[in-house]
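Pasting structure35.cif here (mmCIF, C-alpha atoms):
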```cif
data_my_file
loop_
_atom_site.label_atom_id
_atom_site.label_comp_id
_atom_site.auth_asym_id
_atom_site.auth_seq_id
_atom_site.Cartn_x
_atom_site.Cartn_y
_atom_site.Cartn_z
CA MET I 1 -127.38 -76.26 39.31
CA THR I 2 -124.31 -74.44 38.03
CA ALA I 3 -124.80 -70.91 36.81
CA LYS I 4 -125.14 -70.49 33.07
CA VAL I 5 -122.31 -68.98 31.08
CA ARG I 6 -123.16 -65.40 30.11
CA VAL I 7 -122.46 -64.56 26.45
CA ALA I 8 -122.66 -61.11 24.86
CA THR I 9 -122.48 -60.47 21.13
CA THR I 10 -122.22 -57.33 19.03
CA SER I 11 -121.56 -56.17 15.49
CA LEU I 12 -119.32 -53.11 15.09
CA ALA I 13 -118.36 -52.22 11.49
CA GLY I 14 -119.82 -55.51 10.30
CA CYS I 15 -122.87 -56.67 8.39
CA PHE I 16 -124.38 -59.07 10.98
CA GLY I 17 -123.49 -61.88 8.56
CA CYS I 18 -121.42 -63.52 11.31
CA HIS I 19 -124.45 -63.40 13.60
CA MET I 20 -126.52 -65.01 10.84
CA SER I 21 -123.91 -67.75 10.48
CA PHE I 22 -123.99 -68.25 14.27
CA LEU I 23 -127.76 -68.81 13.97
CA ASP I 24 -126.98 -71.42 11.30
CA ILE I 25 -126.11 -73.79 14.14
CA ASP I 26 -129.88 -74.32 13.81
CA GLU I 27 -131.53 -76.51 16.45
CA ARG I 28 -128.22 -76.87 18.25
CA ILE I 29 -129.07 -73.50 19.75
CA LEU I 30 -131.49 -75.32 22.09
CA PRO I 31 -128.88 -77.43 23.91
CA LEU I 32 -126.64 -74.34 23.81
CA LEU I 33 -129.29 -72.38 25.68
CA ASP I 34 -129.23 -75.02 28.42
CA LYS I 35 -125.69 -73.90 29.09
CA VAL I 36 -125.54 -70.22 28.15
CA THR I 37 -127.62 -67.16 28.63
CA PHE I 38 -127.39 -64.15 26.33
CA ASP I 39 -126.52 -60.75 27.73
CA ARG I 40 -126.21 -57.84 25.27
CA SER I 41 -126.96 -59.24 21.81
CA PRO I 42 -129.39 -58.68 18.93
CA LEU I 43 -131.40 -61.55 20.48
CA THR I 44 -132.03 -59.63 23.71
CA ASP I 45 -131.78 -56.05 22.45
CA LEU I 46 -130.01 -55.02 25.65
CA LYS I 47 -128.13 -51.77 25.02
CA HIS I 48 -125.17 -52.42 27.33
CA ALA I 49 -123.21 -55.50 28.28
CA GLY I 50 -123.15 -56.56 31.93
CA PRO I 51 -120.39 -58.70 33.42
CA CYS I 52 -120.04 -61.64 31.02
CA ASP I 53 -117.97 -64.75 30.55
CA VAL I 54 -117.68 -64.54 26.75
CA GLY I 55 -117.97 -61.64 24.32
CA LEU I 56 -118.27 -62.30 20.59
CA VAL I 57 -117.34 -59.24 18.54
CA GLU I 58 -118.15 -59.06 14.85
CA GLY I 59 -116.82 -56.22 12.68
CA GLY I 60 -113.88 -53.85 12.85
CA VAL I 61 -113.68 -50.37 14.34
CA CYS I 62 -114.61 -47.55 11.98
CA ASN I 63 -116.02 -44.89 14.32
CA GLU I 64 -116.12 -43.57 17.91
CA ASP I 65 -119.16 -45.64 18.83
CA ASN I 66 -117.48 -48.86 17.68
CA LEU I 67 -114.51 -48.10 19.93
CA HIS I 68 -116.78 -47.28 22.87
CA VAL I 69 -118.70 -50.56 22.49
CA LEU I 70 -115.49 -52.54 21.99
CA ARG I 71 -113.99 -51.13 25.19
CA GLU I 72 -117.20 -51.91 27.07
CA PHE I 73 -117.03 -55.50 25.83
CA ARG I 74 -113.39 -55.83 26.79
CA LYS I 75 -114.13 -54.47 30.26
CA GLN I 76 -117.16 -56.68 30.85
CA CYS I 77 -116.12 -59.96 29.18
CA LYS I 78 -113.63 -62.39 30.65
CA VAL I 79 -112.97 -63.90 27.22
CA LEU I 80 -113.14 -61.71 24.13
CA VAL I 81 -113.44 -63.31 20.70
CA ALA I 82 -112.83 -61.60 17.35
CA VAL I 83 -115.44 -63.09 15.03
CA GLY I 84 -115.07 -62.90 11.26
CA ALA I 85 -112.84 -61.24 8.69
CA CYS I 86 -113.78 -57.64 9.59
CA ALA I 87 -112.95 -58.05 13.29
CA ILE I 88 -109.68 -59.76 12.38
CA ASN I 89 -108.35 -57.59 9.51
CA GLY I 90 -110.92 -54.86 8.96
CA GLY I 91 -112.56 -56.67 6.07
CA LEU I 92 -114.71 -54.90 3.53
CA PRO I 93 -115.05 -51.59 5.47
CA ALA I 94 -111.22 -51.37 5.57
CA GLN I 95 -111.19 -51.05 1.78
CA ARG I 96 -111.57 -47.32 2.47
CA ASN I 97 -108.24 -47.17 4.31
CA GLN I 98 -106.41 -46.15 1.14
CA PHE I 99 -108.55 -43.01 0.83
CA ASP I 100 -108.87 -39.81 2.85
CA VAL I 101 -112.11 -39.82 4.89
CA GLY I 102 -112.85 -36.19 4.04
CA ASP I 103 -112.44 -36.91 0.33
CA LEU I 104 -114.75 -39.92 0.64
CA LEU I 105 -117.48 -37.97 2.44
CA ARG I 106 -117.25 -35.15 -0.11
CA HIS I 107 -117.41 -37.64 -2.94
CA VAL I 108 -120.40 -39.56 -1.58
CA TYR I 109 -122.49 -36.68 -0.23
CA PHE I 110 -121.39 -33.80 -2.45
CA GLU I 111 -119.98 -34.81 -5.82
CA GLU I 112 -122.00 -37.93 -6.59
CA PRO I 113 -124.38 -37.11 -9.47
CA GLY I 114 -128.13 -37.07 -8.78
CA LEU I 115 -127.99 -35.88 -5.17
CA THR I 116 -130.92 -33.64 -4.20
CA ARG I 117 -129.28 -32.21 -1.08
CA ARG I 118 -125.54 -31.74 -1.12
CA VAL I 119 -124.48 -31.78 2.51
CA VAL I 120 -122.09 -33.95 4.49
CA PRO I 121 -124.06 -35.28 7.50
CA ASP I 122 -122.64 -33.75 10.69
CA ASP I 123 -125.37 -34.30 13.27
CA PRO I 124 -123.72 -34.58 16.71
CA GLU I 125 -125.68 -37.82 17.24
CA LEU I 126 -123.68 -39.46 14.44
CA PRO I 127 -120.48 -41.11 15.67
CA ALA I 128 -117.38 -39.52 14.14
CA LEU I 129 -115.54 -41.67 11.59
CA PHE I 130 -111.93 -42.63 12.21
CA ASP I 131 -109.37 -42.07 9.46
CA LYS I 132 -108.76 -45.84 9.22
CA VAL I 133 -110.91 -48.89 9.87
CA ARG I 134 -108.99 -51.11 12.25
CA PRO I 135 -109.30 -54.72 13.37
CA ILE I 136 -110.12 -55.09 17.05
CA HIS I 137 -106.83 -56.69 18.14
CA GLU I 138 -105.08 -53.40 17.30
CA LEU I 139 -107.18 -51.65 19.99
CA VAL I 140 -107.90 -54.16 22.78
CA LYS I 141 -106.53 -57.52 23.86
CA VAL I 142 -108.29 -60.35 22.05
CA ASP I 143 -108.28 -63.87 23.46
CA TYR I 144 -109.51 -65.91 20.48
CA PHE I 145 -110.13 -65.50 16.76
CA LEU I 146 -112.79 -67.12 14.57
CA PRO I 147 -111.82 -66.33 10.96
CA GLY I 148 -114.12 -66.44 7.95
CA CYS I 149 -116.54 -64.28 6.02
CA PRO I 150 -118.51 -65.50 7.83
CA PRO I 151 -117.03 -68.21 10.06
CA PRO I 152 -119.04 -71.36 9.31
CA ALA I 153 -121.71 -72.38 11.82
CA ASP I 154 -119.62 -75.44 12.70
CA ALA I 155 -116.77 -73.11 13.72
CA PHE I 156 -119.07 -71.32 16.19
CA TRP I 157 -120.35 -74.65 17.45
CA ALA I 158 -116.92 -76.27 17.84
CA PHE I 159 -115.48 -73.15 19.47
CA LEU I 160 -118.28 -72.69 22.01
CA SER I 161 -118.49 -76.43 22.75
CA ASP I 162 -114.78 -76.52 23.55
CA LEU I 163 -114.98 -73.37 25.64
CA LEU I 164 -118.02 -74.57 27.61
CA GLU I 165 -116.38 -77.92 28.28
CA GLY I 166 -113.25 -76.18 29.55
CA ARG I 167 -111.06 -77.32 26.64
CA ASP I 168 -108.67 -75.05 24.77
CA PRO I 169 -110.75 -74.19 21.67
CA ARG I 170 -109.48 -75.82 18.48
CA LEU I 171 -111.20 -75.37 15.14
CA PRO I 172 -111.73 -78.62 13.22
CA PRO I 173 -110.20 -78.99 9.73
CA GLY I 174 -112.30 -77.11 7.20
CA ALA I 175 -113.69 -74.74 9.83
CA ILE I 176 -110.81 -72.29 9.28
CA ARG I 177 -111.84 -70.09 6.38
CA TYR I 178 -110.75 -66.65 5.21
CA ASP I 179 -113.69 -66.13 2.85
CA MET A 180 -76.79 -99.95 -5.31
CA THR A 181 -79.03 -98.36 -2.68
CA ARG A 182 -80.09 -94.77 -3.20
CA PRO A 183 -78.91 -92.15 -0.74
CA THR A 184 -81.46 -91.26 1.95
CA PHE A 185 -82.10 -88.68 4.61
CA THR A 186 -84.71 -88.77 7.33
CA LEU A 187 -87.57 -86.26 7.44
CA ASP A 188 -89.30 -86.24 10.83
CA GLY A 189 -87.96 -89.74 11.31
CA VAL A 190 -89.14 -91.11 7.96
CA ALA A 191 -86.49 -92.25 5.46
CA ILE A 192 -86.65 -90.34 2.16
CA SER A 193 -84.49 -91.48 -0.74
CA PHE A 194 -83.37 -88.95 -3.31
CA ASP A 195 -81.45 -88.46 -6.52
CA GLU A 196 -78.15 -86.62 -6.41
CA GLY A 197 -78.71 -82.89 -6.89
CA GLN A 198 -82.30 -82.83 -5.59
CA THR A 199 -83.21 -80.32 -2.92
CA ILE A 200 -84.85 -81.44 0.30
CA ILE A 201 -88.27 -80.09 -0.71
CA GLU A 202 -88.03 -81.77 -4.13
CA ALA A 203 -87.17 -85.13 -2.63
CA ALA A 204 -89.91 -84.79 -0.02
CA ARG A 205 -92.45 -83.78 -2.66
CA LYS A 206 -91.53 -86.77 -4.78
CA ALA A 207 -91.97 -89.02 -1.75
CA GLY A 208 -95.42 -87.55 -1.10
CA VAL A 209 -94.39 -85.66 2.05
CA PHE A 210 -95.61 -82.08 2.30
CA ILE A 211 -93.29 -79.32 3.52
CA PRO A 212 -95.21 -76.02 3.67
CA PHE A 213 -93.96 -73.66 0.94
CA LEU A 214 -94.91 -70.46 -0.80
CA CYS A 215 -92.40 -69.11 -3.33
CA ALA A 216 -90.98 -72.49 -4.42
CA HIS A 217 -92.20 -73.32 -7.93
CA PRO A 218 -91.28 -76.66 -9.53
CA GLU A 219 -90.63 -75.01 -12.93
CA PHE A 220 -88.23 -72.37 -11.62
CA PRO A 221 -84.89 -72.49 -9.82
CA ALA A 222 -85.22 -72.08 -6.06
CA HIS A 223 -85.38 -68.52 -4.83
CA GLY A 224 -85.38 -68.98 -1.07
CA SER A 225 -87.10 -65.68 -0.40
CA CYS A 226 -90.18 -66.55 1.67
CA ARG A 227 -88.48 -68.91 4.18
CA VAL A 228 -91.78 -70.71 4.81
CA CYS A 229 -90.20 -74.03 3.80
CA THR A 230 -87.48 -73.66 6.44
CA VAL A 231 -86.60 -76.97 8.10
CA LEU A 232 -83.97 -78.03 10.59
CA VAL A 233 -81.10 -79.79 8.80
CA ASN A 234 -78.93 -81.53 11.37
CA GLY A 235 -80.27 -78.95 13.83
CA ARG A 236 -79.65 -75.88 11.66
CA ALA A 237 -82.49 -73.84 10.14
CA MET A 238 -82.24 -73.99 6.33
CA ALA A 239 -84.66 -73.27 3.48
CA SER A 240 -85.57 -76.72 2.14
CA CYS A 241 -86.00 -75.30 -1.40
CA THR A 242 -82.36 -74.21 -1.64
CA THR A 243 -80.68 -76.90 0.44
CA LYS A 244 -79.52 -80.00 -1.42
CA ALA A 245 -80.45 -83.33 0.09
CA ALA A 246 -77.45 -85.26 1.39
CA ASP A 247 -77.03 -88.84 2.53
CA GLY A 248 -77.62 -89.27 6.24
CA GLN A 249 -79.10 -85.82 6.85
CA VAL A 250 -81.50 -85.57 9.78
CA VAL A 251 -84.26 -83.18 8.75
CA GLU A 252 -87.07 -81.93 10.98
CA SER A 253 -90.08 -80.12 9.54
CA ASN A 254 -93.23 -80.82 11.53
CA THR A 255 -92.19 -79.35 14.88
CA ALA A 256 -94.11 -76.96 17.12
CA ALA A 257 -91.37 -74.32 16.91
CA LEU A 258 -91.13 -74.41 13.09
CA THR A 259 -94.92 -74.28 12.82
CA ARG A 260 -94.95 -71.17 15.02
CA ASP A 261 -92.25 -69.58 12.83
CA ARG A 262 -94.19 -70.40 9.66
CA GLN A 263 -97.40 -69.03 11.15
CA ALA A 264 -95.60 -65.78 12.00
CA LEU A 265 -94.18 -65.53 8.45
CA VAL A 266 -97.65 -65.95 6.96
CA GLN A 267 -99.09 -63.40 9.38
CA MET A 268 -96.39 -60.88 8.42
CA LEU A 269 -97.08 -61.38 4.71
CA PHE A 270 -100.79 -60.78 5.33
CA VAL A 271 -100.35 -57.57 7.36
CA GLU A 272 -97.71 -56.10 5.01
CA GLY A 273 -100.16 -56.01 2.12
CA ASN A 274 -103.89 -55.54 1.79
CA HIS A 275 -105.21 -59.09 1.69
CA PHE A 276 -108.99 -59.28 1.79
CA CYS A 277 -109.87 -62.87 0.89
CA PRO A 278 -113.67 -62.44 0.78
CA GLY A 279 -113.39 -60.01 -2.15
CA CYS A 280 -110.40 -61.53 -3.95
CA GLU A 281 -110.78 -63.28 -7.30
CA LYS A 282 -107.91 -65.61 -6.38
CA SER A 283 -109.63 -66.88 -3.23
CA GLY A 284 -109.71 -70.67 -3.38
CA ALA A 285 -106.71 -70.75 -5.71
CA CYS A 286 -104.27 -68.73 -3.60
CA THR A 287 -101.17 -70.39 -2.17
CA LEU A 288 -100.89 -67.84 0.66
CA GLN A 289 -104.50 -68.41 1.69
CA SER A 290 -104.18 -72.20 1.56
CA LEU A 291 -100.92 -72.06 3.47
CA GLY A 292 -102.53 -69.98 6.22
CA LYS A 293 -105.38 -72.42 6.56
CA ASP A 294 -103.00 -75.40 6.48
CA LEU A 295 -100.96 -73.85 9.30
CA ALA A 296 -104.18 -73.05 11.23
CA VAL A 297 -103.46 -69.32 11.25
CA THR A 298 -106.56 -67.67 12.70
CA SER A 299 -105.34 -64.20 13.65
CA ALA A 300 -103.47 -61.30 12.07
CA GLY A 301 -100.89 -61.40 14.85
CA PHE A 302 -99.47 -57.97 14.05
CA ALA A 303 -100.76 -54.47 13.34
CA HIS A 304 -101.71 -53.96 9.69
CA GLU A 305 -99.46 -51.78 7.54
CA SER A 306 -102.42 -50.84 5.27
CA PRO A 307 -100.12 -49.66 2.45
CA THR A 308 -101.50 -47.58 -0.39
CA ARG A 309 -101.00 -49.51 -3.62
CA PRO A 310 -103.20 -48.39 -6.54
CA VAL A 311 -104.24 -51.10 -9.01
CA ASP A 312 -103.23 -51.01 -12.69
CA ALA A 313 -106.25 -51.68 -14.90
CA SER A 314 -104.72 -50.15 -18.03
CA HIS A 315 -104.30 -53.42 -19.95
CA PRO A 316 -107.39 -54.53 -21.90
CA ASP A 317 -107.25 -58.14 -20.63
CA ILE A 318 -105.13 -58.09 -17.48
CA LEU A 319 -105.63 -56.49 -14.07
CA LEU A 320 -102.74 -55.91 -11.66
CA ASP A 321 -103.72 -55.64 -8.00
CA PHE A 322 -100.47 -54.77 -6.23
CA ASN A 323 -102.20 -54.86 -2.82
CA ARG A 324 -101.67 -58.61 -2.70
CA CYS A 325 -98.03 -58.80 -3.81
CA ILE A 326 -95.76 -60.87 -1.55
CA LEU A 327 -92.56 -60.05 -3.51
CA CYS A 328 -91.82 -63.68 -4.45
CA GLU A 329 -90.50 -62.54 -7.86
CA LEU A 330 -92.07 -65.46 -9.73
CA CYS A 331 -93.62 -63.05 -12.27
CA VAL A 332 -90.32 -61.19 -12.57
CA ARG A 333 -88.49 -64.43 -13.31
CA ALA A 334 -91.18 -65.83 -15.62
CA SER A 335 -91.31 -62.65 -17.66
CA SER A 336 -87.55 -62.41 -17.89
CA ASP A 337 -86.46 -66.06 -18.19
CA VAL A 338 -89.40 -67.62 -20.09
CA ASP A 339 -91.24 -64.80 -21.87
CA LYS A 340 -88.05 -62.78 -22.53
CA LYS A 341 -90.02 -59.57 -21.97
CA ASP A 342 -88.86 -58.18 -18.62
CA VAL A 343 -92.29 -56.77 -17.85
CA PHE A 344 -91.88 -56.86 -14.06
CA ALA A 345 -89.23 -55.83 -11.56
CA LEU A 346 -88.88 -55.12 -7.86
CA SER A 347 -87.99 -51.59 -6.87
CA GLY A 348 -86.99 -50.02 -3.54
CA ARG A 349 -85.38 -51.59 -0.51
CA GLY A 350 -86.65 -53.02 2.76
CA LEU A 351 -90.15 -51.88 3.66
CA ASP A 352 -90.27 -49.78 0.46
CA LYS A 353 -89.71 -52.78 -1.79
CA HIS A 354 -92.52 -53.13 -4.30
CA LEU A 355 -93.41 -54.62 -7.64
CA ILE A 356 -93.20 -52.28 -10.63
CA VAL A 357 -94.04 -52.51 -14.32
CA ASN A 358 -91.14 -51.97 -16.69
CA ALA A 359 -92.50 -49.18 -18.90
CA GLU A 360 -91.74 -45.49 -18.97
CA SER A 361 -95.36 -44.77 -18.03
CA GLY A 362 -95.31 -47.54 -15.41
CA ARG A 363 -98.51 -48.91 -16.93
CA LEU A 364 -99.00 -52.50 -18.01
CA ALA A 365 -100.76 -51.39 -21.21
CA ASP A 366 -97.46 -49.93 -22.39
CA THR A 367 -95.60 -53.24 -22.13
CA GLY A 368 -95.64 -56.31 -24.35
CA MET A 369 -97.46 -58.37 -21.70
CA ALA A 370 -99.97 -60.83 -23.18
CA THR A 371 -102.35 -63.29 -21.57
CA THR A 372 -100.40 -66.15 -23.17
CA ASP A 373 -97.26 -65.20 -21.20
CA LYS A 374 -95.88 -67.52 -18.54
CA ALA A 375 -95.94 -64.56 -16.17
CA MET A 376 -99.73 -64.68 -16.40
CA SER A 377 -99.99 -68.00 -14.59
CA VAL A 378 -97.27 -68.05 -11.93
CA CYS A 379 -98.55 -65.56 -9.33
CA PRO A 380 -99.21 -67.54 -6.12
CA VAL A 381 -101.52 -64.80 -4.86
CA GLY A 382 -104.01 -62.47 -6.53
CA VAL A 383 -101.86 -59.82 -8.23
CA ILE A 384 -101.94 -60.82 -11.93
CA LEU A 385 -105.53 -61.48 -12.93
CA TRP A 386 -107.54 -62.11 -16.06
CA LYS A 387 -110.16 -59.45 -16.53
CA ARG A 388 -113.74 -60.73 -16.81
CA ARG A 389 -112.85 -64.16 -15.39
CA GLY A 390 -113.15 -63.52 -11.66
CA PHE A 391 -115.26 -65.79 -9.48
CA ALA A 392 -115.90 -68.24 -12.38
CA ASP A 393 -115.66 -71.25 -10.05
CA PRO A 394 -118.21 -71.42 -7.22
CA ILE A 395 -117.04 -72.00 -3.64
CA GLY A 396 -116.44 -75.72 -3.24
CA LYS A 397 -115.25 -76.14 -6.84
CA ARG A 398 -112.29 -73.75 -6.87
CA PRO A 399 -108.87 -75.33 -7.51
CA HIS A 400 -107.78 -75.52 -3.86
CA ASP A 401 -111.26 -76.60 -2.71
CA VAL A 402 -110.81 -79.61 -4.96
CA GLU A 403 -107.16 -80.17 -4.12
CA SER A 404 -105.12 -78.11 -1.65
CA PRO A 405 -101.35 -77.78 -2.10
CA ARG A 406 -100.89 -80.32 0.72
CA GLN A 407 -103.33 -82.78 -0.85
CA ARG A 408 -101.60 -82.35 -4.16
CA VAL A 409 -98.25 -83.42 -2.70
CA GLU A 410 -99.75 -86.16 -0.52
CA GLY A 411 -101.91 -87.42 -3.41
CA LYS A 412 -105.07 -87.12 -1.35
CA GLY A 413 -107.06 -84.57 -3.35
CA LYS A 414 -110.64 -85.18 -4.38
CA THR A 415 -109.44 -85.62 -7.95
CA SER A 416 -106.69 -88.14 -7.21
#
```
In structure tokens, what does this structure look like?
Amino acid sequence: MTAKVRVATTSLAGCFGCHMSFLDIDERILPLLDKVTFDRSPLTDLKHAGPCDVGLVEGGVCNEDNLHVLREFRKQCKVLVAVGACAINGGLPAQRNQFDVGDLLRHVYFEEPGLTRRVVPDDPELPALFDKVRPIHELVKVDYFLPGCPPPADAFWAFLSDLLEGRDPRLPPGAIRYD
Amino acid sequence: MTRPTFTLDGVAISFDEGQTIIEAARKAGVFIPFLCAHPEFPAHGSCRVCTVLVNGRAMASCTTKAADGQVVESNTAALTRDRQALVQMLFVEGNHFCPGCEKSGACTLQSLGKDLAVTSAGFAHESPTRPVDASHPDILLDFNRCILCELCVRASSDVDKKDVFALSGRGLDKHLIVNAESGRLADTGMATTDKAMSVCPVGVILWKRRGFADPIGKRPHDVESPRQRVEGKGKTS
């Protein structure tokens, strides 16, 4: 029996909506599991990725932890895939790029009416925010892109089917979406 | 008398004297990817997406007149790569976030990207700072999505006779401005009945309180994409 393909998934500055869309492949996940095994992913709750064949990265990079995880994925995964609008162009979190991070934190935690405790969180456990939210291809080499908010389940299915069969992945018409 | 013809990817296309290559192709139901070309306005030739090879030379098909015996190539791997790169550059130069854009599903840039199978940004994002203008009671201007095609400039000047819009700056600093001392749309004569209201191929000039009226699947380009419109293969045709 040939070894299963190891797949890791993560969400950086994303909403896990891409993961939910991935799960929308529904019962097709059963034949998929005959061929792949999940490494780090919300399905396994592993905290670090081991050596993998494929890494699916949802979300852009908004803080130090995101960058750390992204670099770990790049190091461990032979093929790295940017999944969804946020990984590809920053998406919704990147809407803050036009503002100064300090101003935003002050506005949200200090000036917003109705706050009971006016303090900007600065616990060392909290990952520091970057000044801009960036898509992952601006920080590491990315091998493939699955656009969409989220990419439709059929895009995940077509992409992984091609990859597992050794074909150059090609999204079918209608599976390329930007929204 | 037989009409003059040229070949487009090997297919004979007949045309009327004075027609451009993209006009003749459109009339024959053959789609050449385009962005700034608008049938109601003279060709502008600014986006270069409709570039084809005319007898081996790269020419914008919206500004090049069809001529008898021309050999035109459009659907080639190299031209597709060039068009993909042009679309990618337009995306990264502005702030284009389709999931939150009212024009999604009716945007020529978005439909073009999908038609060309553009899946990645390709370049680093410029992330320019371009504040919106919400001063007008009925119209919102979101400059983040401007691709500098000048259709609104031309519509406002040539059709509406109001000169509401203009481009300012050069090169990377080029940007759309509103022609009022305050720079605000509310201080111009712009009205929702203006031609300039309906020509924007992207999501800059928007009706207030009308966003997201059509559900996904029923938006204009869901029903009929620009390619389907030319090829006559839309769900409505």
For Val271 (chain A), please output as a PyMOL selection string all residues within 10 Å (counting only C-alpha atoms; exclusion window: fewer than 5 positions along the same chain). (chain I and resi 89) or (chain A and resi 266+300-307)
Check which residues satisfy the PyMOL selection byres ((chain A and resi 406) around 12) in the file shown, then give them as an NGL selection string. :A and (204-205 or 208-214 or 287 or 290-295 or 400-405 or 407-413)
Counting only C-alpha atoms, select every polymer residue within 8 Å of (-121.4, -64.5, 30.4) as defined in the file's coordinates, and provide the selection as a VMD selection string. chain I and resid 4 to 8 36 to 39 51 to 55 77
Can you pull out the residues contacting region 246-263 of chain A? Cut-off 9 Å, using all atoms listed in the file, and skip same-chain residues under 5 positions away; I want them as a ChimeraX atom specification. /A:182-189,193-194,196-200,211-212,227-235,268,291-292,295-297
Taking C-alpha atoms for each residue, export the selection above as a compact mmCIF listing (two decimals), keeping the file's coordinate frame.
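Writing done, so here's selection.txt:
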```txt
# COMPACT_ATOMS: atom_id res chain seq x y z
CA ARG A 182 -80.09 -94.77 -3.20
CA PRO A 183 -78.91 -92.15 -0.74
CA THR A 184 -81.46 -91.26 1.95
CA PHE A 185 -82.10 -88.68 4.61
CA THR A 186 -84.71 -88.77 7.33
CA LEU A 187 -87.57 -86.26 7.44
CA ASP A 188 -89.30 -86.24 10.83
CA GLY A 189 -87.96 -89.74 11.31
CA SER A 193 -84.49 -91.48 -0.74
CA PHE A 194 -83.37 -88.95 -3.31
CA GLU A 196 -78.15 -86.62 -6.41
CA GLY A 197 -78.71 -82.89 -6.89
CA GLN A 198 -82.30 -82.83 -5.59
CA THR A 199 -83.21 -80.32 -2.92
CA ILE A 200 -84.85 -81.44 0.30
CA ILE A 211 -93.29 -79.32 3.52
CA PRO A 212 -95.21 -76.02 3.67
CA ARG A 227 -88.48 -68.91 4.18
CA VAL A 228 -91.78 -70.71 4.81
CA CYS A 229 -90.20 -74.03 3.80
CA THR A 230 -87.48 -73.66 6.44
CA VAL A 231 -86.60 -76.97 8.10
CA LEU A 232 -83.97 -78.03 10.59
CA VAL A 233 -81.10 -79.79 8.80
CA ASN A 234 -78.93 -81.53 11.37
CA GLY A 235 -80.27 -78.95 13.83
CA MET A 268 -96.39 -60.88 8.42
CA LEU A 291 -100.92 -72.06 3.47
CA GLY A 292 -102.53 -69.98 6.22
CA LEU A 295 -100.96 -73.85 9.30
CA ALA A 296 -104.18 -73.05 11.23
CA VAL A 297 -103.46 -69.32 11.25
```
Applied to this file, what does the PyMOL selection byres ((chain A) within 6 of (chain I)) return in terms of residues, put as a PyMOL selection string? chain A and resi 277-278+298-299+303+308
For the residues selected in the previous step, produce a file with C-alpha atoms as a JSON list (two decimals), keeping the file's coordinate frame.
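Dumped to out.json:
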```
[["chain", "number", "residue", "atom", "x", "y", "z"],
["A", 277, "CYS", "CA", -109.87, -62.87, 0.89],
["A", 278, "PRO", "CA", -113.67, -62.44, 0.78],
["A", 298, "THR", "CA", -106.56, -67.67, 12.70],
["A", 299, "SER", "CA", -105.34, -64.20, 13.65],
["A", 303, "ALA", "CA", -100.76, -54.47, 13.34],
["A", 308, "THR", "CA", -101.50, -47.58, -0.39]]
```
Expressed in Å, the length from CA of Asn323 (chain A) to CA of Asp366 (chain A) is 20.7 Å
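One finds CA of Ser225 (chain A) at 27.2 Å from CA of Ala191 (chain A).
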